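Chemist: Below are the structure tokens for one structure; questions will follow.
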Amino acid sequence: MAVADTVEAVVTRDLCTGCGACESLAGDALRMGLSPEGFMRPRRVGALSPASARAILSVCTGRSLPPPPAADAPVHRIFGRIVYMGRGHAADPVLRFRGATGGVLTALAVHLVESGRVEGVLQIATPSDDPMGSEPRFNTTREEILRASGSRYGPAAPLKV
């Protein structure tokens with residue numbers, strides 16, 4: 001199948017990751033919102049300039065998804081084709097039990113920030129005024145990362161500004 005060449009093609013082919021970068025680049029032409037299935041997806045609300053369309057497609061994560069797994073990969077009846085499965089947890093007990101899934105991503109985020117390999121990490125957190133909501137936060141300290149740790153079971157567009 002050819003690479004999706006429009007935002008609409010990315011969405012209709014189920015390639016959209018719901019990140020929100022397209023809304024950030026589109027001005028007033030696109031707005032992120034919930035799809036009928038409950039995912040964050042862009043919808044057109046105005047005219048999208050050719051320059052904006054090119055900028056969006058140049059950063060769209062949906063256009064760079066890897067190819068599907070090999071046809072001979074094992075198939076789970078619920079999760080589909082399994083390419084790799086691993087197991088692990090954070091060694092630090094605070095990170096292990098405060099973070100989701102054994103604190104692996106929380107521990108990696110803290111390590112990257114504290115080692116200076118990154119300036120910060122983008123996380124989805126709960127807004128103080130809306131416990132059911134989600135908001136992106138750029139966290140630069142262990143304490144901030146821990147405050148935003150844990151699972152968020154709702155749609156979010158982390159790259160929407």
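Order determines the names: the first chain of the structure tokens is A, the second B, and so forth; residues in each chain are numbered 1 upward, and ligands are numbered 1 upward as they are shown.
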Would you kindly return, as a PyMOL selection string, each protein, DNA or RNA residue with an atom no farther than 12 Å from any atom of Thr106 (chain A), considering only C-alpha atoms and excluding same-chain residues fewer than 6 positions away?

Modeler: chain A and resi 89-100+112-113+121-123+139+141-151

Chemist: Please list as a list of chain:residue names every residue within 8 Å of Thr126 (chain A), counting only C-alpha atoms and excluding residues in the same chain fewer than 6 positions away.

Modeler: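 These residues fall inside the cut-off: A:Met132, A:Gly133, A:Ser134, A:Glu135, A:Ala148.
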
Chemist: Save out the residues we just selected, N, CA, C and O atoms, as a PDB file, in the first residue's frame.

Modeler:
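Printed below is selection25.pdb as written:
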```pdb
ATOM      1  N   MET A 132     -10.488  13.390  35.497  1.00  0.00           N
ATOM      2  CA  MET A 132     -10.743  12.500  34.366  1.00  0.00           C
ATOM      3  C   MET A 132     -10.007  12.954  33.106  1.00  0.00           C
ATOM      4  O   MET A 132      -9.982  12.251  32.107  1.00  0.00           O
ATOM      5  N   GLY A 133      -9.404  14.124  33.144  1.00  0.00           N
ATOM      6  CA  GLY A 133      -8.737  14.677  31.970  1.00  0.00           C
ATOM      7  C   GLY A 133      -7.292  14.242  31.847  1.00  0.00           C
ATOM      8  O   GLY A 133      -6.745  13.536  32.699  1.00  0.00           O
ATOM      9  N   SER A 134      -6.681  14.669  30.774  1.00  0.00           N
ATOM     10  CA  SER A 134      -5.269  14.397  30.515  1.00  0.00           C
ATOM     11  C   SER A 134      -4.640  15.648  29.930  1.00  0.00           C
ATOM     12  O   SER A 134      -5.281  16.358  29.154  1.00  0.00           O
ATOM     13  N   GLU A 135      -3.391  15.906  30.322  1.00  0.00           N
ATOM     14  CA  GLU A 135      -2.669  17.043  29.754  1.00  0.00           C
ATOM     15  C   GLU A 135      -1.195  16.688  29.603  1.00  0.00           C
ATOM     16  O   GLU A 135      -0.646  15.954  30.421  1.00  0.00           O
ATOM     17  N   ALA A 148       3.771  12.529  37.485  1.00  0.00           N
ATOM     18  CA  ALA A 148       3.015  12.211  36.263  1.00  0.00           C
ATOM     19  C   ALA A 148       3.038  10.717  35.950  1.00  0.00           C
ATOM     20  O   ALA A 148       2.517  10.302  34.925  1.00  0.00           O
TER      21      ALA A 148
END
```

Chemist: To one decimal place, how far is CA of Ile56 (chain A) from CA of Gly27 (chain A) in Å?

Modeler: 11.0 Å

Chemist: What is the distance, in Å and to one decimal place, between CA of Cys19 (chain A) and CA of Ala70 (chain A)?

Modeler: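 Separating CA of Cys19 (chain A) from CA of Ala70 (chain A) is a distance of 26.4 Å.
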
Chemist: Using only C-alpha atoms, can you tell me which of A:Glu37, A:Asp5, A:Glu114, A:Asp28 comes closest to Ser64 (chain A)?

Modeler: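 Smallest distance to Ser64 (chain A) is found for A:Asp5.
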